[in-house]
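As stored in query14.txt (compact mmCIF, C-alpha atoms):
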```txt
# COMPACT_ATOMS: atom_id res chain seq x y z
CA MET A 1 39.36 24.02 -23.33
CA ALA A 2 38.90 22.73 -26.84
CA TYR A 3 36.14 20.35 -27.85
CA VAL A 4 37.40 17.19 -29.54
CA PRO A 5 34.48 15.46 -31.25
CA ALA A 6 33.99 11.71 -31.08
CA GLY A 7 36.38 9.84 -33.31
CA VAL A 8 38.64 6.83 -33.45
CA TYR A 9 42.08 5.95 -32.21
CA SER A 10 44.17 3.24 -33.82
CA PRO A 11 46.35 1.67 -31.13
CA LEU A 12 49.94 1.29 -32.26
CA PHE A 13 50.28 -2.08 -30.59
CA GLY A 14 47.84 -4.86 -31.07
CA GLY A 15 47.39 -8.57 -30.65
CA LYS A 16 44.59 -10.95 -31.32
CA ASN A 17 42.35 -9.64 -28.57
CA SER A 18 42.70 -5.94 -29.17
CA PRO A 19 40.71 -4.03 -31.76
CA ARG A 20 42.28 -2.24 -34.70
CA GLN A 21 40.39 0.90 -33.86
CA VAL A 22 38.99 2.19 -30.62
CA GLY A 23 36.08 4.61 -30.51
CA VAL A 24 36.90 7.75 -28.54
CA PRO A 25 33.86 9.62 -27.19
CA ALA A 26 33.88 13.41 -27.45
CA PHE A 27 35.85 15.17 -24.72
CA PHE A 28 37.34 18.51 -23.77
CA LEU A 29 41.09 19.04 -23.73
CA ASP A 30 43.19 21.95 -22.46
CA VAL A 31 44.40 23.95 -25.45
CA ARG A 32 47.94 24.01 -24.02
CA PRO A 33 49.99 22.26 -21.33
CA VAL A 34 49.74 23.40 -17.71
CA THR A 35 52.24 26.21 -17.01
CA ASN A 36 54.67 26.73 -14.15
CA ALA A 37 52.56 29.66 -12.90
CA GLU A 38 49.43 27.51 -12.83
CA PHE A 39 51.19 24.68 -11.06
CA LEU A 40 52.61 27.16 -8.54
CA GLY A 41 49.02 28.09 -7.69
CA PHE A 42 48.27 24.44 -7.01
CA VAL A 43 51.37 23.99 -4.87
CA ARG A 44 50.53 27.13 -2.85
CA ALA A 45 47.07 25.77 -2.10
CA ASN A 46 48.30 22.24 -1.36
CA PRO A 47 51.44 22.35 0.78
CA ASN A 48 51.92 18.59 0.65
CA TRP A 49 52.72 18.95 -3.05
CA ARG A 50 55.59 21.34 -2.37
CA ARG A 51 58.98 20.11 -3.45
CA SER A 52 60.31 19.67 0.08
CA ASP A 53 57.13 18.10 1.46
CA VAL A 54 55.98 15.74 -1.24
CA SER A 55 55.82 12.08 -0.30
CA PRO A 56 58.54 9.97 -1.94
CA ILE A 57 55.96 7.42 -3.02
CA PHE A 58 54.24 10.12 -5.13
CA ALA A 59 57.25 11.89 -6.66
CA GLU A 60 60.94 11.17 -6.95
CA SER A 61 63.55 13.65 -5.78
CA GLY A 62 63.80 15.50 -9.11
CA TYR A 63 60.21 16.72 -8.65
CA LEU A 64 60.00 20.39 -9.70
CA GLY A 65 63.78 20.29 -9.77
CA ASN A 66 63.99 23.17 -12.25
CA TRP A 67 62.24 25.53 -9.83
CA SER A 68 64.39 27.68 -7.56
CA GLY A 69 62.51 26.75 -4.41
CA ASP A 70 59.29 25.42 -2.96
CA LEU A 71 57.38 28.51 -4.04
CA GLU A 72 59.87 30.21 -6.38
CA LEU A 73 60.01 29.47 -10.06
CA GLY A 74 63.41 31.07 -10.78
CA PRO A 75 65.24 31.55 -14.07
CA ARG A 76 64.95 27.99 -15.38
CA ALA A 77 61.16 27.82 -15.02
CA GLN A 78 59.46 30.70 -16.80
CA ALA A 79 55.96 31.42 -15.51
CA ASP A 80 54.30 30.84 -18.86
CA SER A 81 56.35 27.81 -19.89
CA PRO A 82 54.95 24.32 -19.39
CA VAL A 83 55.57 22.81 -15.98
CA VAL A 84 57.85 19.76 -16.26
CA GLN A 85 59.52 17.40 -13.78
CA VAL A 86 56.13 16.55 -12.33
CA SER A 87 55.17 12.98 -11.48
CA TRP A 88 52.03 11.25 -12.70
CA PHE A 89 50.64 11.46 -9.17
CA ALA A 90 51.26 15.21 -9.04
CA ALA A 91 49.75 15.77 -12.49
CA ARG A 92 46.70 13.78 -11.49
CA ALA A 93 46.33 15.64 -8.19
CA TYR A 94 46.50 18.95 -10.06
CA ALA A 95 43.85 17.85 -12.54
CA ARG A 96 41.57 16.70 -9.73
CA TRP A 97 42.11 19.99 -7.90
CA ARG A 98 40.84 21.75 -11.03
CA GLY A 99 37.86 19.38 -11.24
CA MET A 100 39.31 17.59 -14.23
CA ARG A 101 41.38 14.53 -15.05
CA LEU A 102 44.29 13.48 -17.23
CA PRO A 103 43.44 12.44 -20.79
CA THR A 104 43.65 8.74 -21.64
CA THR A 105 46.14 7.50 -24.20
CA ALA A 106 43.29 7.06 -26.67
CA GLU A 107 42.07 10.63 -26.13
CA TRP A 108 45.54 12.14 -26.29
CA GLU A 109 46.55 10.28 -29.44
CA ARG A 110 43.18 11.01 -31.03
CA ALA A 111 43.77 14.74 -30.46
CA ALA A 112 47.42 14.58 -31.51
CA SER A 113 46.68 12.78 -34.76
CA ALA A 114 44.79 15.83 -36.02
CA GLY A 115 46.64 18.13 -38.37
CA PHE A 116 46.51 21.89 -38.80
CA MET A 117 43.79 21.66 -41.42
CA THR A 118 42.18 18.24 -41.17
CA GLU A 119 41.52 15.54 -38.60
CA ASN A 120 44.24 13.40 -40.15
CA GLY A 121 47.61 15.08 -39.72
CA SER A 122 49.49 12.25 -41.39
CA THR A 123 48.24 13.55 -44.75
CA GLU A 124 49.59 17.07 -44.12
CA ALA A 125 53.24 17.62 -45.00
CA ALA A 126 53.52 20.74 -42.81
CA TYR A 127 52.19 18.86 -39.82
CA ARG A 128 54.48 15.88 -40.30
CA GLU A 129 57.45 18.23 -40.59
CA ALA A 130 56.54 20.07 -37.39
CA VAL A 131 56.38 16.81 -35.45
CA LEU A 132 59.64 15.41 -36.76
CA LYS A 133 61.42 18.72 -36.31
CA TRP A 134 60.63 18.72 -32.60
CA LEU A 135 61.72 15.12 -32.20
CA SER A 136 65.03 15.79 -33.91
CA VAL A 137 66.31 18.51 -31.60
CA PRO A 138 67.13 18.27 -27.89
CA ALA A 139 64.75 20.07 -25.55
CA PRO A 140 65.91 23.65 -24.93
CA LEU A 141 67.05 24.49 -21.42
CA ARG A 142 64.34 27.14 -21.23
CA LEU A 143 61.11 25.91 -22.69
CA PRO A 144 59.09 28.27 -24.93
CA PRO A 145 55.79 29.60 -23.55
CA ALA A 146 52.90 27.16 -23.53
CA GLY A 147 50.28 28.02 -26.12
CA SER A 148 52.70 29.47 -28.66
CA GLY A 149 52.43 26.56 -31.08
CA ARG A 150 50.22 26.52 -34.13
CA PRO A 151 46.70 25.32 -33.28
CA ASP A 152 45.47 22.09 -34.81
CA VAL A 153 42.08 21.68 -36.43
CA PHE A 154 40.44 21.35 -32.99
CA GLY A 155 42.16 24.50 -31.69
CA VAL A 156 44.57 22.51 -29.50
CA ARG A 157 48.19 23.67 -29.40
CA ASP A 158 51.57 22.22 -28.48
CA LEU A 159 50.54 18.56 -28.50
CA VAL A 160 53.42 17.31 -30.59
CA ASP A 161 56.02 20.05 -30.54
CA LEU A 162 56.64 21.36 -27.02
CA VAL A 163 56.95 18.72 -24.28
CA TRP A 164 56.07 15.07 -23.73
CA GLU A 165 52.84 14.74 -21.76
CA TRP A 166 51.49 12.37 -19.14
CA VAL A 167 48.37 10.36 -19.90
CA ASP A 168 46.30 8.60 -17.28
CA ASP A 169 46.98 5.05 -18.50
CA PHE A 170 50.57 5.61 -19.61
CA ASN A 171 51.87 2.14 -18.76
CA THR A 172 49.26 -0.07 -20.39
CA ALA A 173 50.17 -0.12 -24.10
CA ARG A 174 51.92 -3.47 -24.03
CA LEU A 175 49.43 -5.27 -21.82
CA ALA A 176 46.06 -5.31 -23.53
CA ASP A 177 46.99 -7.75 -26.25
CA GLU A 178 48.65 -10.20 -23.93
CA SER A 179 45.76 -11.42 -21.83
CA GLY A 180 44.59 -14.89 -22.53
CA ASP A 181 48.18 -16.00 -22.37
CA ALA A 182 50.26 -15.68 -19.27
CA PRO A 183 51.01 -11.93 -19.24
CA GLY A 184 54.33 -11.61 -21.02
CA LEU A 185 55.71 -8.65 -19.19
CA ASP A 186 59.23 -9.70 -20.00
CA SER A 187 58.92 -8.17 -23.45
CA ASN A 188 58.97 -4.81 -21.65
CA LEU A 189 62.41 -5.63 -20.36
CA VAL A 190 63.91 -6.81 -23.62
CA CYS A 191 65.05 -4.06 -25.93
CA GLY A 192 64.94 -6.18 -29.09
CA ALA A 193 61.25 -6.85 -28.50
CA ALA A 194 60.42 -3.14 -28.73
CA GLY A 195 58.90 -3.41 -32.18
CA ALA A 196 56.94 -6.59 -31.57
CA GLY A 197 53.25 -6.12 -32.21
CA VAL A 198 53.59 -2.73 -33.86
CA ARG A 199 50.98 -2.27 -36.57
CA ASP A 200 52.03 0.93 -38.23
CA PHE A 201 55.77 1.34 -38.60
CA THR A 202 55.35 4.57 -40.54
CA ASN A 203 54.08 6.41 -37.50
CA TYR A 204 57.48 6.95 -35.95
CA PRO A 205 56.41 9.79 -33.60
CA ALA A 206 53.60 7.65 -32.16
CA PHE A 207 56.04 4.78 -31.73
CA LEU A 208 58.47 7.04 -29.86
CA ARG A 209 55.68 8.33 -27.60
CA SER A 210 54.58 4.81 -26.87
CA GLU A 211 58.11 3.68 -26.05
CA PHE A 212 58.65 6.75 -23.91
CA ARG A 213 55.45 6.15 -21.92
CA SER A 214 56.29 2.50 -21.42
CA SER A 215 59.60 3.48 -19.87
CA LEU A 216 58.04 5.74 -17.24
CA ASP A 217 57.21 5.09 -13.63
CA ALA A 218 54.42 7.09 -11.96
CA THR A 219 56.87 8.77 -9.59
CA TYR A 220 59.26 9.97 -12.31
CA ALA A 221 59.88 13.69 -12.56
CA VAL A 222 61.47 13.93 -15.97
CA PRO A 223 62.72 17.04 -17.80
CA SER A 224 60.55 17.72 -20.87
CA LEU A 225 57.57 15.80 -19.48
CA GLY A 226 54.54 17.92 -18.63
CA PHE A 227 50.80 17.41 -18.86
CA ARG A 228 47.45 18.96 -19.69
CA CYS A 229 43.97 18.26 -18.33
CA ALA A 230 40.88 16.79 -19.94
CA ARG A 231 37.27 16.36 -18.98
CA SER A 232 34.25 14.56 -20.30
CA PRO A 233 31.30 16.63 -21.62
CA MET B 1 68.26 8.45 -33.99
CA LYS B 2 68.99 11.66 -32.20
CA ALA B 3 65.52 11.56 -30.77
CA ASN B 4 66.00 8.00 -29.64
CA ARG B 5 69.08 8.99 -27.70
CA LEU B 6 67.18 11.87 -26.20
CA VAL B 7 64.48 9.57 -24.91
CA ILE B 8 66.96 7.13 -23.52
CA SER B 9 69.05 9.77 -21.79
CA MET B 10 65.94 11.33 -20.28
CA VAL B 11 64.81 8.04 -18.89
CA PHE B 12 68.24 7.32 -17.51
CA THR B 13 68.28 10.73 -15.88
CA ALA B 14 65.01 9.88 -14.20
CA ALA B 15 66.15 6.44 -13.19
CA ALA B 16 69.36 7.79 -11.78
CA ALA B 17 67.61 10.34 -9.63
CA MET B 18 66.47 7.81 -7.10
CA ALA B 19 67.46 9.58 -3.91
CA ARG B 20 64.23 10.48 -2.22
CA ALA B 21 62.96 13.69 -0.71
CA SER B 22 61.86 13.47 2.88
CA GLY B 23 59.43 15.21 5.16
CA PRO B 24 55.98 14.38 6.48
CA PRO B 25 52.98 14.59 4.20
CA GLY B 26 50.64 17.49 4.70
CA PRO B 27 47.16 16.99 6.08
CA CYS B 28 45.25 17.38 2.87
CA CYS B 29 44.98 16.53 -0.76
CA THR B 30 46.99 13.36 -1.05
CA PRO B 31 46.15 11.58 -4.29
CA GLY B 32 42.82 9.89 -3.93
CA ALA B 33 41.92 11.90 -0.85
CA LYS B 34 38.24 12.45 -1.41
CA ASP B 35 37.44 12.21 2.25
CA ALA B 36 39.16 13.70 5.26
CA ALA B 37 42.66 12.37 5.76
CA PRO B 38 42.94 9.75 8.50
CA GLU B 39 43.64 11.18 11.94
CA ALA B 40 46.59 8.97 12.75
CA VAL B 41 50.03 10.08 11.64
CA ILE B 42 50.95 8.11 8.55
CA SER B 43 54.50 7.54 7.36
CA ASN B 44 55.35 9.43 4.19
CA ARG B 45 56.28 6.15 2.54
CA SER B 46 52.97 4.56 3.45
CA VAL B 47 50.53 3.31 0.87
CA TYR B 48 47.86 4.37 3.38
CA GLN B 49 48.39 7.98 2.30
CA LEU B 50 45.97 7.07 -0.47
CA GLY B 51 42.81 8.44 1.02
CA ALA B 52 40.24 6.67 -1.14
CA THR B 53 37.39 4.77 0.41
CA TRP B 54 36.97 1.16 -0.66
CA SER B 55 34.19 -1.30 0.05
CA ASP B 56 34.77 -4.72 1.53
CA ASP B 57 32.74 -7.70 0.39
CA ALA B 58 30.09 -6.94 2.99
CA GLY B 59 29.68 -3.46 1.47
CA LYS B 60 31.32 -1.78 4.44
CA PRO B 61 33.35 1.38 3.67
CA THR B 62 36.96 0.40 4.24
CA PRO B 63 39.81 2.90 3.94
CA LEU B 64 43.16 1.28 3.30
CA ALA B 65 44.36 2.91 6.50
CA SER B 66 42.03 0.57 8.42
CA LEU B 67 44.72 -2.07 7.80
CA GLN B 68 47.19 0.01 9.77
CA GLY B 69 48.75 -2.00 12.59
CA SER B 70 48.60 -5.33 10.80
CA ALA B 71 51.15 -7.02 8.62
CA VAL B 72 49.53 -7.24 5.20
CA LEU B 73 49.93 -9.59 2.28
CA LEU B 74 48.25 -7.92 -0.70
CA ALA B 75 47.56 -8.70 -4.34
CA MET B 76 45.41 -7.14 -7.04
CA PHE B 77 43.12 -9.49 -8.95
CA PHE B 78 39.67 -9.88 -10.52
CA THR B 79 37.12 -12.60 -9.98
CA ASN B 80 36.66 -13.46 -13.68
CA CYS B 81 40.36 -14.23 -13.97
CA GLU B 82 40.59 -17.87 -14.89
CA TYR B 83 44.25 -18.61 -14.69
CA ALA B 84 46.61 -16.27 -12.93
CA CYS B 85 44.54 -14.95 -10.02
CA PRO B 86 43.56 -18.30 -8.51
CA MET B 87 47.25 -19.17 -8.57
CA VAL B 88 48.13 -15.92 -6.83
CA VAL B 89 45.48 -16.61 -4.17
CA GLY B 90 46.94 -20.11 -3.79
CA GLU B 91 50.39 -18.65 -3.29
CA MET B 92 49.03 -16.29 -0.64
CA LYS B 93 47.49 -19.26 1.17
CA ARG B 94 50.83 -21.09 1.05
CA ILE B 95 52.57 -18.05 2.48
CA GLN B 96 49.96 -17.75 5.23
CA GLU B 97 50.32 -21.43 6.11
CA GLY B 98 54.07 -20.95 6.32
CA LEU B 99 53.76 -18.29 9.02
CA PRO B 100 54.30 -19.12 12.67
CA VAL B 101 50.83 -19.61 14.19
CA ALA B 102 51.26 -16.71 16.59
CA LEU B 103 51.86 -14.31 13.71
CA ARG B 104 48.93 -15.42 11.59
CA ALA B 105 46.49 -13.56 13.83
CA ARG B 106 48.36 -10.32 13.19
CA THR B 107 48.41 -10.78 9.43
CA ARG B 108 45.74 -9.71 6.95
CA LEU B 109 45.45 -11.08 3.44
CA VAL B 110 44.07 -8.46 1.10
CA LEU B 111 42.73 -8.84 -2.44
CA VAL B 112 41.92 -5.65 -4.36
CA SER B 113 39.91 -6.00 -7.56
CA PHE B 114 40.87 -4.38 -10.87
CA ASP B 115 37.31 -4.86 -12.08
CA SER B 116 35.36 -1.90 -10.70
CA ASP B 117 32.42 -2.61 -13.00
CA ARG B 118 31.82 -6.30 -12.39
CA ASP B 119 33.37 -7.08 -9.00
CA SER B 120 30.71 -5.60 -6.73
CA PRO B 121 30.92 -6.38 -3.01
CA ALA B 122 28.32 -9.13 -3.59
CA THR B 123 30.45 -10.69 -6.33
CA LEU B 124 33.48 -10.54 -4.08
CA ARG B 125 31.41 -12.22 -1.37
CA LEU B 126 30.69 -15.12 -3.69
CA TYR B 127 34.36 -15.34 -4.58
CA ARG B 128 35.24 -15.55 -0.88
CA GLY B 129 32.98 -18.55 -0.52
CA ARG B 130 34.14 -20.19 -3.72
CA MET B 131 37.81 -19.86 -2.81
CA GLY B 132 37.32 -20.76 0.85
CA LEU B 133 38.83 -17.55 2.22
CA GLY B 134 38.68 -17.13 5.99
CA ASP B 135 37.98 -14.10 8.16
CA ASP B 136 41.53 -12.85 7.90
CA TRP B 137 41.02 -12.15 4.19
CA VAL B 138 39.89 -8.67 3.15
CA LEU B 139 38.37 -8.31 -0.33
CA LEU B 140 38.12 -4.76 -1.66
CA HIS B 141 36.13 -3.05 -4.40
CA GLY B 142 37.01 0.51 -5.41
CA GLN B 143 36.38 3.17 -8.05
CA SER B 144 38.45 2.72 -11.21
CA ASP B 145 40.33 5.95 -10.53
CA ASP B 146 41.39 4.70 -7.11
CA VAL B 147 42.26 1.25 -8.45
CA ARG B 148 44.65 2.84 -10.94
CA GLU B 149 46.28 4.99 -8.29
CA LEU B 150 46.82 2.04 -5.94
CA ALA B 151 48.23 -0.02 -8.82
CA MET B 152 50.67 2.78 -9.65
CA VAL B 153 51.84 3.00 -6.05
CA LEU B 154 52.38 -0.75 -5.92
CA GLY B 155 53.93 -0.94 -9.38
CA VAL B 156 51.19 -3.20 -10.74
CA LYS B 157 50.50 -2.80 -14.46
CA PHE B 158 47.08 -3.66 -15.80
CA ALA B 159 44.92 -3.05 -18.84
CA LYS B 160 41.40 -4.02 -19.70
CA ASP B 161 41.00 -5.78 -23.04
CA SER B 162 38.08 -5.68 -25.45
CA ARG B 163 36.42 -8.66 -23.75
CA GLY B 164 36.42 -6.93 -20.37
CA GLN B 165 39.20 -9.18 -19.07
CA PHE B 166 42.32 -7.70 -17.51
CA ALA B 167 45.93 -8.26 -18.40
CA HIS B 168 47.96 -7.58 -15.30
CA SER B 169 51.26 -8.14 -13.62
CA ASN B 170 51.23 -10.77 -10.89
CA LEU B 171 52.68 -9.13 -7.85
CA ILE B 172 52.36 -10.09 -4.20
CA THR B 173 53.21 -7.26 -1.81
CA VAL B 174 54.01 -7.32 1.89
CA LEU B 175 53.10 -4.13 3.77
CA ASN B 176 54.44 -3.47 7.23
CA PRO B 177 52.06 -2.19 9.96
CA GLU B 178 52.71 1.40 8.79
CA GLY B 179 51.63 0.46 5.28
CA GLU B 180 55.11 0.73 3.77
CA ILE B 181 56.09 -1.73 1.06
CA ALA B 182 58.37 -4.20 2.83
CA PHE B 183 58.68 -6.84 0.11
CA GLN B 184 57.34 -7.69 -3.33
CA ARG B 185 57.41 -10.86 -5.37
CA ALA B 186 56.62 -10.94 -9.08
CA GLY B 187 55.48 -14.03 -10.91
CA LEU B 188 52.88 -16.69 -10.40
CA THR B 189 54.83 -19.23 -8.44
CA GLY B 190 58.17 -19.44 -6.77
CA ASP B 191 59.99 -19.36 -3.51
CA ILE B 192 57.75 -18.23 -0.66
CA SER B 193 60.38 -18.12 2.06
CA ALA B 194 61.34 -14.49 1.42
CA ALA B 195 57.69 -13.40 1.69
CA ILE B 196 57.28 -15.38 4.92
CA LYS B 197 60.41 -13.80 6.32
CA ALA B 198 59.23 -10.30 5.35
CA LEU B 199 55.83 -10.89 6.97
CA THR B 200 57.46 -12.30 10.08
CA VAL B 201 59.64 -9.22 10.43
CA ALA B 202 56.65 -6.95 9.70
CA ALA B 203 54.36 -8.65 12.23
CA GLN B 204 56.82 -8.51 15.11
```
Write out the structure in this file as structure tokens.
Amino acid sequence: MAYVPAGVYSPLFGGKNSPRQVGVPAFFLDVRPVTNAEFLGFVRANPNWRRSDVSPIFAESGYLGNWSGDLELGPRAQADSPVVQVSWFAARAYARWRGMRLPTTAEWERAASAGFMTENGSTEAAYREAVLKWLSVPAPLRLPPAGSGRPDVFGVRDLVDLVWEWVDDFNTARLADESGDAPGLDSNLVCGAAGAGVRDFTNYPAFLRSEFRSSLDATYAVPSLGFRCARSP
Amino acid sequence: MKANRLVISMVFTAAAAMARASGPPGPCCTPGAKDAAPEAVISNRSVYQLGATWSDDAGKPTPLASLQGSAVLLAMFFTNCEYACPMVVGEMKRIQEGLPVALRARTRLVLVSFDSDRDSPATLRLYRGRMGLGDDWVLLHGQSDDVRELAMVLGVKFAKDSRGQFAHSNLITVLNPEGEIAFQRAGLTGDISAAIKALTVAAQ
């Protein structure tokens, strides 16, 4: 795992009750997403997380849908590629099994905002290009191996150019600034309201990640959505 | 724009894949299972698969599965909530009062706190007194990890703000005796007849 020193995270959305910057204590983060081979080890040890046995309240039917079988990866899920089509519940159970946890949004975004050379990737042209390049092409049918991306300044790879990743509090971005009033959840249902409350319109990748997370349900097993683990020091 | 379409199509793919897998859950390692799984066979759609141990407002360890066999009306809340939660509790009382008397005894009203830090069992105890909640109400405190997992299973969104208050969706859930979600109502107020009907069916 890579050590990410204490720093700050600037939430993309904010209202009157939410701070401009959030302190993020130091934490450890996997240097790459969890692979199919690693997740297979988890599924072998925990039969109730096999594709045919998983509870429908913890994973929808597409769960591990790119594997060939309960315990066979097959041609569409290379052993060293990131595992995808895993629900939030499954990702969390895996992390717990390894004695770890999922990163929070603040931790994940803090790590992902680092560039190849500095802690602020937005000032590095090469970093910005790498992020936008990934966002501009559809996910390949066969994902590249996890860990093949260029490491950032913390030594973490693949954060912004391989797969989307689960975070522990993925569905909270639009809520924190709404307390004090009656919670206005309806803005989540109205497409035109998507940009309301955004503070930094120049950070398009972060905006896309935020929108993507807001659209998820914890049971979803989506192509191109994987995860990595974190732990506190 | 291409990326936008990608996101949207991915989400639609996920939303479209709603047919569910079936099969009984295995004996171990359900999310939240820090203790041994309950002995009784639990439906694979049951919320009671969550194995976490909660505390009631007397400090007694209370697994969710201890509610098995009862019809349950459940909401998530926190005691420092000034506006929405008292209204939700009021709605639950209205629903309870609308039940046929014979069914009330087989119905539990459950409040689970978001606020793992501040809502200790003792604080929940005070809340019980303040709100005049009878013996058929169960007030639960849990670890923040377990609170999040339960909220995800129920579809309740919540976030703590910088003042330590919680923004949250207002959702009242009816669980049948197996712990399966039988009915949910969003919003602070509204028609209670559907919830009463769902509880009546669940309690029979």
| field | Residue neighbourhood Leu74 (chain B), 12 Å, all atoms listed in the file, exclusion window fewer than 4 positions, as a PyMOL selection string | value | chain B and resi 47+64+67+70+88-89+91-93+95-96+107-113+136-140+150-151+154+156+170-176+179-185+195+199
| Pairwise distance for CA of Leu102 (chain A) and CA of Val167 (chain A), rounded to one decimal in Å |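 Between CA of Leu102 (chain A) and CA of Val167 (chain A) the gap is 5.8 Å.
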| said: So that I can see what lies close to Leu143 (chain A), please list as a ChimeraX atom specification the residues with an atom at most 10 Å from it, counting only C-alpha atoms and leaving out residues fewer than 6 positions away in the same chain. | reply: /A:76-78,80-84,162-163,224
Please provide the set of residues having any atom within 10 Å of region 156-161 of chain A, restricted to only C-alpha atoms, with same-chain residues fewer than 4 positions apart removed, written as a compact mmCIF listing (two decimals) with C-alpha atoms, in the frame of the given file.
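Saved the output as out25.txt:
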```
# COMPACT_ATOMS: atom_id res chain seq x y z
CA MET A 1 39.36 24.02 -23.33
CA ALA A 2 38.90 22.73 -26.84
CA TYR A 3 36.14 20.35 -27.85
CA VAL A 4 37.40 17.19 -29.54
CA LEU A 29 41.09 19.04 -23.73
CA ASP A 30 43.19 21.95 -22.46
CA VAL A 31 44.40 23.95 -25.45
CA ARG A 32 47.94 24.01 -24.02
CA PRO A 33 49.99 22.26 -21.33
CA PRO A 82 54.95 24.32 -19.39
CA TRP A 108 45.54 12.14 -26.29
CA GLU A 109 46.55 10.28 -29.44
CA ALA A 111 43.77 14.74 -30.46
CA ALA A 112 47.42 14.58 -31.51
CA SER A 113 46.68 12.78 -34.76
CA ALA A 114 44.79 15.83 -36.02
CA PHE A 116 46.51 21.89 -38.80
CA TYR A 127 52.19 18.86 -39.82
CA ARG A 128 54.48 15.88 -40.30
CA ALA A 130 56.54 20.07 -37.39
CA VAL A 131 56.38 16.81 -35.45
CA LEU A 132 59.64 15.41 -36.76
CA LYS A 133 61.42 18.72 -36.31
CA TRP A 134 60.63 18.72 -32.60
CA LEU A 135 61.72 15.12 -32.20
CA PRO A 145 55.79 29.60 -23.55
CA ALA A 146 52.90 27.16 -23.53
CA GLY A 147 50.28 28.02 -26.12
CA SER A 148 52.70 29.47 -28.66
CA GLY A 149 52.43 26.56 -31.08
CA ARG A 150 50.22 26.52 -34.13
CA PRO A 151 46.70 25.32 -33.28
CA ASP A 152 45.47 22.09 -34.81
CA GLU A 165 52.84 14.74 -21.76
CA PRO A 205 56.41 9.79 -33.60
CA ALA A 206 53.60 7.65 -32.16
CA ARG A 209 55.68 8.33 -27.60
CA PHE A 227 50.80 17.41 -18.86
CA ARG A 228 47.45 18.96 -19.69
```
| Which residue gives the smallest distance to chain A among B:Leu133, B:Ala167, B:Ala75, B:Leu188, with all atoms listed in the file counted? |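 Nearest to chain A: B:Ala167.
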| Atom pair CA of Ile42 (chain B) / CA of Pro121 (chain B): separation (Å) |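 Answer for the CA of Ile42 (chain B) to CA of Pro121 (chain B) separation: 27.3 Å.
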| task | Could you give me, as an MDAnalysis selection string, the residues that have an atom at most 6 Å away from the point (51.4, 26.0, -3.9) in the coordinates of the file, using all atoms listed in the file? | result | chainID A and resid 40:47
| message | Please report the interatomic distance between CA of Ala52 (chain B) and CA of Gly142 (chain B) in Å with one decimal. | response | 8.2 Å
| Which is closer to chain B than all the others in A:Glu211, A:Met117, A:Arg142, A:Pro56, using all atoms listed in the file? | A:Pro56
| query | What would the list of residues within 12 Å of (50.6, 4.5, -16.7) (file frame) look like as a ChimeraX atom specification, if all atoms listed in the file are what count? | reply | /A:87-89,92,102-105,165-175,210,212-220 /B:148-153,155-159
| Nearby residues (all atoms listed in the file) at most 7 Å from Phe78 (chain B), same-chain spacing under 3 positions excluded, as a VMD selection string | chain B and resid 81 113 to 115
